[in-house]
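> First, the structure itself, so that you have it in front of you.
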Amino acid sequence: MAEERVTKDAVLEALRTREGEWAPTAALAKDLGLTPAEVNAAVNALCGEGYRIESRGAAGRRFMGCGDRIIAYEVKRNLAAGVMGSRIIALERTTSTNDVAWAEALSGAAEGTVVLAEEQTAGRGRMGRPWVSPPRSGLPMSLILRPDLEVQQGNLLTVMSAVAVAQALRDHLHVQARIRWPNDITIKERKVAGILVEGRSLATGSAFVLGIGVNVNTKAEEFPHDLRETATSLALEAAAPVSRVDVARWLLASLDRWYRDLRFGDYGRIARRWRRLSSSMGERVVLVENGREFRGRVLDFSMEDGLIVRLDEGVTRLFHPMTVTLRQLPDSR
Ligand code: BTN
């Protein structure tokens, strides 16, 4: 099995170096010390994984990329991360990548295991809302994390990952990604990504699944009607298609970096960056908690406890992210 993977990887890399050019099978085989039959078997297997490799008689094979299919090997390739993406599971279709990640976590999968999918049929968001990931246009991703935290401290992971996602999008796509408390990533006030952290207390300690949904190449008409005014995608903002494989890699590398700070207890650095990236700091907001509306101005936030708001009636109150939804008021200042 491992030998088969090594052969496939060797054939893939040999083809990749000649991307767009024809490579005769016999020459490929000779270069790699394989038989033509082994090259053919590897090419068939690679096509089955989603690679586009054309075939034409004596001209041989021509590598045409992977059409941005989410293939584990492509995400892993050049991934600059230690923990995140230690193992990558890439699926064609699933109910929710969080479900798959939980099944893996419960059977002992290592921290940093990531589940990606081309399509989710029952993706879930915060507060029981659905999360729509149309086939091949979004990036649903779930990571297994086993930090030394209590289940109730899951908000620390939401804050850390919001920073990691917003920062990665800024660094690589140069978009003005911001954090809308507690778990939205926005560009020009439209939601481009959402974060859902689920935690469970197991005999071996706490385990968390960090779910991130990014609208990557989603077209305006692909969003459900009620979201068309408030959602966006990376491609819409960058005015060009964006590689989901690249986005997966950027997010994993960024999460790796910010998660390290969290594990070492360096909350201060995460909190400072959160304040810089947040669109809620200092703003006038409406918070809805158990059906009750509160209006006020955001003074600050606490990584563990939530948003600190000076209410219009004069009192200062903490709002915990588990129970609250936030709306920003347009007449902000
Ligand atoms: C939200 O904005 O309410 C959170 C959305 C989180 C969606 C992601 S997509 C990957 C993972 N699987 C799910 O079912 N949900 C999360």
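By order of appearance in the structure tokens: chains A, B, ..., then residues from 1 within every chain, and ligands from 1 in the order shown.
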Residues within 10 Å of ligand 1 should be enumerated using only C-alpha atoms and all ligand atoms and returned as an MDAnalysis selection string.
chainID A and resid 94:101 115:117 119:133 138:143 182:185 191:198 209:215
> Give me the residues near A:Gly314 as a list in words, where near means some atom within 10 Å (using only C-alpha atoms) and where sequence neighbours in that chain fewer than 4 positions away do not count.
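The neighbour list is Gly296, Val309 and Arg310 of chain A.
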> From a DSSP calculation on the backbone, collect every residue of stretch 21-247 of chain A in alpha helix (DSSP H) and output the set as a VMD selection string.
chain A and resid 25 to 32 36 to 49 72 to 76 97 to 106 154 to 173 234 to 238 244 to 247
> Would you give me, as a tab-separated table, each residue of stretch 5-26 of chain A having an atom within 9 Å of an atom of stretch 33-43 of chain A, along with its shortest atom pair and that distance in Å to one decimal, using only C-alpha atoms and sorting by chain and residue number?

```
residue	atom	partner	partner_atom	distance
A:Arg5	CA	A:Ala42	CA	8.6
A:Thr7	CA	A:Ala42	CA	6.8
A:Lys8	CA	A:Ala42	CA	4.9
A:Asp9	CA	A:Ala42	CA	8.5
A:Val11	CA	A:Val39	CA	6.7
A:Leu12	CA	A:Val43	CA	7.8
A:Thr25	CA	A:Pro36	CA	6.1
A:Ala26	CA	A:Pro36	CA	5.7
```
> Counting only C-alpha atoms, figure out which residue out of A:Leu173, A:Val6, A:Leu277, A:Leu262 gets nearest to A:Ala240.
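Of A:Leu173, A:Val6, A:Leu277, A:Leu262, the one nearest A:Ala240, counting only C-alpha atoms, is A:Leu173.
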> Using only C-alpha atoms, which residue out of A:Glu118, A:Asp148, A:Glu283, A:Glu289 lies closest to A:Gly265?
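Distance minimum relative to A:Gly265 lands on A:Asp148.
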> As a tab-separated table (two decimals) with all heavy atoms, in the first residue's frame, list the residues of stretch 120-259 of chain A assigned to strand (DSSP E) by DSSP on the backbone atoms of this structure.

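The resulting out-v7.tsv:
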```tsv
chain	number	residue	atom	x	y	z
A	120	GLN	N	-20.99	19.46	1.48
A	120	GLN	CA	-21.67	19.03	2.71
A	120	GLN	C	-23.17	19.06	2.45
A	120	GLN	O	-23.68	20.01	1.87
A	120	GLN	CB	-21.40	20.00	3.84
A	120	GLN	CG	-20.05	19.89	4.46
A	120	GLN	CD	-19.95	20.73	5.73
A	120	GLN	OE1	-19.39	20.29	6.70
A	120	GLN	NE2	-20.46	21.94	5.70
A	138	GLY	N	-17.24	25.83	-2.11
A	138	GLY	CA	-16.86	26.26	-0.77
A	138	GLY	C	-15.76	25.38	-0.22
A	138	GLY	O	-15.33	24.41	-0.85
A	139	LEU	N	-15.31	25.74	0.95
A	139	LEU	CA	-14.32	24.90	1.62
A	139	LEU	C	-14.80	24.60	3.03
A	139	LEU	O	-14.65	25.42	3.92
A	139	LEU	CB	-12.95	25.60	1.68
A	139	LEU	CG	-11.86	24.78	2.38
A	139	LEU	CD1	-11.48	23.56	1.57
A	139	LEU	CD2	-10.63	25.64	2.64
A	140	PRO	N	-15.43	23.43	3.24
A	140	PRO	CA	-15.75	23.02	4.60
A	140	PRO	C	-14.57	22.24	5.19
A	140	PRO	O	-14.07	21.32	4.56
A	140	PRO	CB	-16.98	22.12	4.44
A	140	PRO	CG	-17.17	21.89	2.97
A	140	PRO	CD	-16.02	22.50	2.24
A	141	MET	N	-14.17	22.65	6.36
A	141	MET	CA	-12.97	22.05	6.98
A	141	MET	C	-13.22	21.84	8.47
A	141	MET	O	-13.78	22.71	9.12
A	141	MET	CB	-11.83	23.05	6.77
A	141	MET	CG	-10.65	22.85	7.64
A	141	MET	SD	-9.50	24.25	7.55
A	141	MET	CE	-8.57	23.83	6.13
A	142	SER	N	-12.83	20.67	8.97
A	142	SER	CA	-12.95	20.43	10.42
A	142	SER	C	-11.66	19.86	10.95
A	142	SER	O	-11.09	18.95	10.35
A	142	SER	CB	-14.10	19.46	10.72
A	142	SER	OG	-15.31	19.99	10.27
A	143	LEU	N	-11.25	20.38	12.09
A	143	LEU	CA	-9.99	19.94	12.70
A	143	LEU	C	-10.22	19.35	14.07
A	143	LEU	O	-11.04	19.88	14.83
A	143	LEU	CB	-9.09	21.16	12.88
A	143	LEU	CG	-8.31	21.59	11.66
A	143	LEU	CD1	-8.14	23.08	11.65
A	143	LEU	CD2	-6.95	20.89	11.64
A	144	ILE	N	-9.48	18.31	14.38
A	144	ILE	CA	-9.56	17.72	15.71
A	144	ILE	C	-8.49	18.37	16.59
A	144	ILE	O	-7.30	18.38	16.21
A	144	ILE	CB	-9.33	16.19	15.64
A	144	ILE	CG1	-10.43	15.54	14.81
A	144	ILE	CG2	-9.25	15.59	17.04
A	144	ILE	CD1	-10.21	14.07	14.52
A	145	LEU	N	-8.92	18.90	17.71
A	145	LEU	CA	-7.98	19.54	18.63
A	145	LEU	C	-8.13	18.94	20.02
A	145	LEU	O	-9.24	18.67	20.47
A	145	LEU	CB	-8.22	21.06	18.69
A	145	LEU	CG	-8.09	21.81	17.37
A	145	LEU	CD1	-8.41	23.28	17.55
A	145	LEU	CD2	-6.69	21.64	16.78
A	177	ALA	N	-10.11	41.33	5.44
A	177	ALA	CA	-10.90	40.41	6.28
A	177	ALA	C	-10.94	40.91	7.72
A	177	ALA	O	-9.92	41.37	8.25
A	177	ALA	CB	-10.29	39.02	6.22
A	178	ARG	N	-12.11	40.82	8.33
A	178	ARG	CA	-12.27	41.29	9.71
A	178	ARG	C	-13.05	40.24	10.49
A	178	ARG	O	-13.70	39.36	9.91
A	178	ARG	CB	-13.04	42.60	9.75
A	178	ARG	CG	-12.52	43.62	8.78
A	178	ARG	CD	-12.79	45.01	9.26
A	178	ARG	NE	-11.96	45.27	10.42
A	178	ARG	CZ	-11.71	46.49	10.90
A	178	ARG	NH1	-12.26	47.53	10.33
A	178	ARG	NH2	-10.95	46.67	11.94
A	179	ILE	N	-13.00	40.37	11.81
A	179	ILE	CA	-13.73	39.43	12.67
A	179	ILE	C	-14.98	40.13	13.20
A	179	ILE	O	-14.88	41.21	13.78
A	179	ILE	CB	-12.86	38.99	13.87
A	179	ILE	CG1	-11.56	38.35	13.38
A	179	ILE	CG2	-13.65	38.05	14.77
A	179	ILE	CD1	-10.49	38.20	14.46
A	180	ARG	N	-16.13	39.52	12.95
A	180	ARG	CA	-17.36	40.03	13.56
A	180	ARG	C	-17.71	39.07	14.69
A	180	ARG	O	-17.99	37.89	14.43
A	180	ARG	CB	-18.49	40.10	12.53
A	180	ARG	CG	-19.75	40.74	13.12
A	180	ARG	CD	-20.76	41.03	12.04
A	180	ARG	NE	-21.09	39.82	11.31
A	180	ARG	CZ	-21.59	39.82	10.06
A	180	ARG	NH1	-21.78	40.95	9.42
A	180	ARG	NH2	-21.88	38.70	9.47
A	184	ASP	N	-17.77	35.16	13.02
A	184	ASP	CA	-17.88	35.44	11.58
A	184	ASP	C	-16.61	36.11	11.07
A	184	ASP	O	-16.04	36.97	11.74
A	184	ASP	CB	-19.02	36.43	11.29
A	184	ASP	CG	-20.38	35.85	11.55
A	184	ASP	OD1	-20.47	34.61	11.76
A	184	ASP	OD2	-21.35	36.62	11.56
A	185	ILE	N	-16.24	35.75	9.86
A	185	ILE	CA	-15.17	36.48	9.18
A	185	ILE	C	-15.86	37.23	8.04
A	185	ILE	O	-16.60	36.62	7.25
A	185	ILE	CB	-14.09	35.52	8.63
A	185	ILE	CG1	-13.54	34.62	9.75
A	185	ILE	CG2	-12.96	36.31	7.97
A	185	ILE	CD1	-12.90	35.32	10.93
A	186	THR	N	-15.62	38.51	7.98
A	186	THR	CA	-16.33	39.34	6.99
A	186	THR	C	-15.32	40.08	6.11
A	186	THR	O	-14.17	40.29	6.50
A	186	THR	CB	-17.22	40.39	7.69
A	186	THR	OG1	-16.38	41.20	8.52
A	186	THR	CG2	-18.31	39.75	8.53
A	187	ILE	N	-15.82	40.45	4.94
A	187	ILE	CA	-15.07	41.38	4.07
A	187	ILE	C	-16.09	42.44	3.68
A	187	ILE	O	-17.18	42.10	3.17
A	187	ILE	CB	-14.49	40.68	2.83
A	187	ILE	CG1	-13.55	39.55	3.24
A	187	ILE	CG2	-13.76	41.69	1.95
A	187	ILE	CD1	-13.00	38.71	2.08
A	190	ARG	N	-19.60	41.82	4.78
A	190	ARG	CA	-20.34	40.64	4.32
A	190	ARG	C	-19.60	39.39	4.80
A	190	ARG	O	-18.37	39.33	4.72
A	190	ARG	CB	-20.44	40.62	2.80
A	190	ARG	CG	-21.43	41.63	2.27
A	190	ARG	CD	-21.34	41.66	0.77
A	190	ARG	NE	-22.34	42.54	0.23
A	190	ARG	CZ	-23.38	42.14	-0.50
A	190	ARG	NH1	-23.54	40.86	-0.80
A	190	ARG	NH2	-24.24	42.99	-0.97
A	191	LYS	N	-20.39	38.40	5.19
A	191	LYS	CA	-19.78	37.19	5.77
A	191	LYS	C	-19.13	36.33	4.70
A	191	LYS	O	-19.77	35.97	3.71
A	191	LYS	CB	-20.85	36.41	6.52
A	191	LYS	CG	-20.35	35.15	7.17
A	191	LYS	CD	-21.30	34.70	8.25
A	191	LYS	CE	-20.94	33.34	8.81
A	191	LYS	NZ	-21.71	32.99	9.98
A	192	VAL	N	-17.88	35.97	4.92
A	192	VAL	CA	-17.16	35.13	3.95
A	192	VAL	C	-16.81	33.78	4.57
A	192	VAL	O	-16.57	32.81	3.85
A	192	VAL	CB	-15.92	35.87	3.42
A	192	VAL	CG1	-14.80	35.94	4.46
A	192	VAL	CG2	-15.39	35.26	2.14
A	193	ALA	N	-16.80	33.72	5.90
A	193	ALA	CA	-16.47	32.45	6.57
A	193	ALA	C	-17.10	32.43	7.96
A	193	ALA	O	-17.35	33.49	8.54
A	193	ALA	CB	-14.95	32.28	6.68
A	194	GLY	N	-17.36	31.22	8.43
A	194	GLY	CA	-17.92	31.06	9.77
A	194	GLY	C	-17.19	29.96	10.51
A	194	GLY	O	-16.60	29.06	9.90
A	195	ILE	N	-17.21	30.06	11.82
A	195	ILE	CA	-16.47	29.12	12.67
A	195	ILE	C	-17.43	28.48	13.67
A	195	ILE	O	-18.26	29.17	14.26
A	195	ILE	CB	-15.35	29.88	13.43
A	195	ILE	CG1	-14.31	30.39	12.43
A	195	ILE	CG2	-14.70	29.00	14.50
A	195	ILE	CD1	-13.45	31.51	12.97
A	196	LEU	N	-17.32	27.19	13.83
A	196	LEU	CA	-18.16	26.48	14.79
A	196	LEU	C	-17.27	25.55	15.61
A	196	LEU	O	-16.71	24.60	15.07
A	196	LEU	CB	-19.22	25.65	14.05
A	196	LEU	CG	-20.10	24.77	14.93
A	196	LEU	CD1	-21.04	25.62	15.78
A	196	LEU	CD2	-20.92	23.80	14.07
A	197	VAL	N	-17.16	25.83	16.90
A	197	VAL	CA	-16.33	24.99	17.77
A	197	VAL	C	-17.26	24.12	18.62
A	197	VAL	O	-18.17	24.62	19.26
A	197	VAL	CB	-15.44	25.86	18.68
A	197	VAL	CG1	-14.69	24.99	19.69
A	197	VAL	CG2	-14.44	26.65	17.85
A	198	GLU	N	-17.03	22.81	18.58
A	198	GLU	CA	-17.81	21.88	19.41
A	198	GLU	C	-16.84	21.15	20.33
A	198	GLU	O	-15.77	20.73	19.89
A	198	GLU	CB	-18.54	20.87	18.52
A	198	GLU	CG	-19.54	21.54	17.58
A	198	GLU	CD	-20.15	20.60	16.54
A	198	GLU	OE1	-19.49	19.61	16.16
A	198	GLU	OE2	-21.27	20.87	16.12
A	199	GLY	N	-17.22	21.02	21.60
A	199	GLY	CA	-16.32	20.36	22.55
A	199	GLY	C	-17.02	19.22	23.28
A	199	GLY	O	-18.23	19.25	23.48
A	200	ARG	N	-16.26	18.22	23.64
A	200	ARG	CA	-16.80	17.11	24.43
A	200	ARG	C	-15.77	16.69	25.47
A	200	ARG	O	-14.57	16.73	25.20
A	200	ARG	CB	-17.08	15.88	23.56
A	200	ARG	CG	-18.21	16.07	22.61
A	200	ARG	CD	-18.56	14.74	21.98
A	200	ARG	NE	-19.27	14.97	20.73
A	200	ARG	CZ	-19.69	14.01	19.93
A	200	ARG	NH1	-19.43	12.74	20.22
A	200	ARG	NH2	-20.34	14.29	18.82
A	201	SER	N	-16.29	16.26	26.60
A	201	SER	CA	-15.40	15.78	27.63
A	201	SER	C	-15.31	14.26	27.50
A	201	SER	O	-16.33	13.57	27.60
A	201	SER	CB	-16.00	16.22	28.96
A	201	SER	OG	-15.29	15.66	29.98
A	202	LEU	N	-14.13	13.75	27.23
A	202	LEU	CA	-13.94	12.31	27.04
A	202	LEU	C	-13.09	11.76	28.18
A	202	LEU	O	-12.48	12.53	28.93
A	202	LEU	CB	-13.22	12.04	25.70
A	202	LEU	CG	-13.80	12.70	24.43
A	202	LEU	CD1	-12.93	12.37	23.23
A	202	LEU	CD2	-15.23	12.21	24.19
A	205	GLY	N	-9.72	13.17	28.24
A	205	GLY	CA	-9.58	14.64	28.34
A	205	GLY	C	-10.55	15.30	27.37
A	205	GLY	O	-11.30	14.62	26.67
A	206	SER	N	-10.47	16.63	27.29
A	206	SER	CA	-11.40	17.33	26.39
A	206	SER	C	-10.95	17.15	24.94
A	206	SER	O	-9.76	17.13	24.65
A	206	SER	CB	-11.41	18.82	26.67
A	206	SER	OG	-11.66	19.07	28.01
A	207	ALA	N	-11.95	17.03	24.08
A	207	ALA	CA	-11.64	17.04	22.65
A	207	ALA	C	-12.55	18.09	22.01
A	207	ALA	O	-13.67	18.33	22.46
A	207	ALA	CB	-11.92	15.68	22.03
A	208	PHE	N	-12.01	18.74	21.00
A	208	PHE	CA	-12.78	19.76	20.29
A	208	PHE	C	-12.72	19.49	18.80
A	208	PHE	O	-11.72	18.98	18.29
A	208	PHE	CB	-12.18	21.16	20.54
A	208	PHE	CG	-12.29	21.62	21.95
A	208	PHE	CD1	-11.31	21.29	22.89
A	208	PHE	CD2	-13.37	22.39	22.37
A	208	PHE	CE1	-11.40	21.70	24.21
A	208	PHE	CE2	-13.48	22.81	23.69
A	208	PHE	CZ	-12.48	22.47	24.60
A	209	VAL	N	-13.82	19.83	18.13
A	209	VAL	CA	-13.79	19.86	16.67
A	209	VAL	C	-14.01	21.30	16.26
A	209	VAL	O	-14.99	21.94	16.66
A	209	VAL	CB	-14.84	18.91	16.05
A	209	VAL	CG1	-15.00	19.20	14.56
A	209	VAL	CG2	-14.42	17.46	16.25
A	210	LEU	N	-13.04	21.80	15.54
A	210	LEU	CA	-13.10	23.19	15.06
A	210	LEU	C	-13.53	23.15	13.60
A	210	LEU	O	-12.81	22.65	12.74
A	210	LEU	CB	-11.70	23.81	15.20
A	210	LEU	CG	-11.37	25.03	14.38
A	210	LEU	CD1	-12.30	26.18	14.70
A	210	LEU	CD2	-9.93	25.46	14.66
A	211	GLY	N	-14.75	23.61	13.34
A	211	GLY	CA	-15.28	23.61	11.98
A	211	GLY	C	-15.19	25.00	11.38
A	211	GLY	O	-15.56	25.99	12.01
A	212	ILE	N	-14.67	25.06	10.17
A	212	ILE	CA	-14.56	26.35	9.48
A	212	ILE	C	-15.19	26.18	8.10
A	212	ILE	O	-14.85	25.26	7.36
A	212	ILE	CB	-13.09	26.77	9.32
A	212	ILE	CG1	-12.40	26.84	10.70
A	212	ILE	CG2	-12.98	28.12	8.60
A	212	ILE	CD1	-10.91	27.09	10.63
A	213	GLY	N	-16.08	27.06	7.76
A	213	GLY	CA	-16.67	27.05	6.42
A	213	GLY	C	-16.28	28.34	5.72
A	213	GLY	O	-16.50	29.43	6.25
A	214	VAL	N	-15.67	28.21	4.55
A	214	VAL	CA	-15.27	29.40	3.80
A	214	VAL	C	-16.00	29.40	2.46
A	214	VAL	O	-16.03	28.39	1.75
A	214	VAL	CB	-13.74	29.44	3.52
A	214	VAL	CG1	-13.32	30.79	2.96
A	214	VAL	CG2	-12.94	29.12	4.77
A	215	ASN	N	-16.59	30.54	2.12
A	215	ASN	CA	-17.16	30.70	0.78
A	215	ASN	C	-16.00	31.09	-0.13
A	215	ASN	O	-15.52	32.22	-0.07
A	215	ASN	CB	-18.21	31.82	0.76
A	215	ASN	CG	-19.31	31.59	1.77
A	215	ASN	OD1	-19.70	30.45	2.01
A	215	ASN	ND2	-19.80	32.65	2.37
```
> Using only C-alpha atoms, what table do you get, as CSV, when you list each residue of stretch 75-147 of chain A with an atom no more than 12 Å from stretch 44-64 of chain A, its nearest pair of atoms, and their distance in Å rounded to one decimal, rows by chain then rising number?

```
residue,atom,partner,partner_atom,distance
A:Ala90,CA,A:Glu49,CA,10.0
A:Leu91,CA,A:Glu49,CA,10.4
A:Glu92,CA,A:Glu49,CA,10.0
A:Glu118,CA,A:Gly50,CA,11.4
```
> Compare A:Met84, A:Ala239, A:Leu28, A:Ala23 by their minimum atom-to-atom distance to A:Arg260, counting only C-alpha atoms, and give me the closest one.
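Among A:Met84, A:Ala239, A:Leu28, A:Ala23, it is A:Met84 that comes nearest to A:Arg260.
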> With distances taken over only C-alpha atoms, which residue among A:Phe294, A:Tyr259, A:Phe264, A:Phe319 lies nearest A:Gly82?
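Answer, going by the shortest atom-to-atom distance: A:Tyr259.
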> One decimal, in Å: what's the spacing between atom CA of A:Gly306 and atom CA of A:His320?
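Straight-line distance from atom CA of A:Gly306 to atom CA of A:His320 works out to 4.6 Å.
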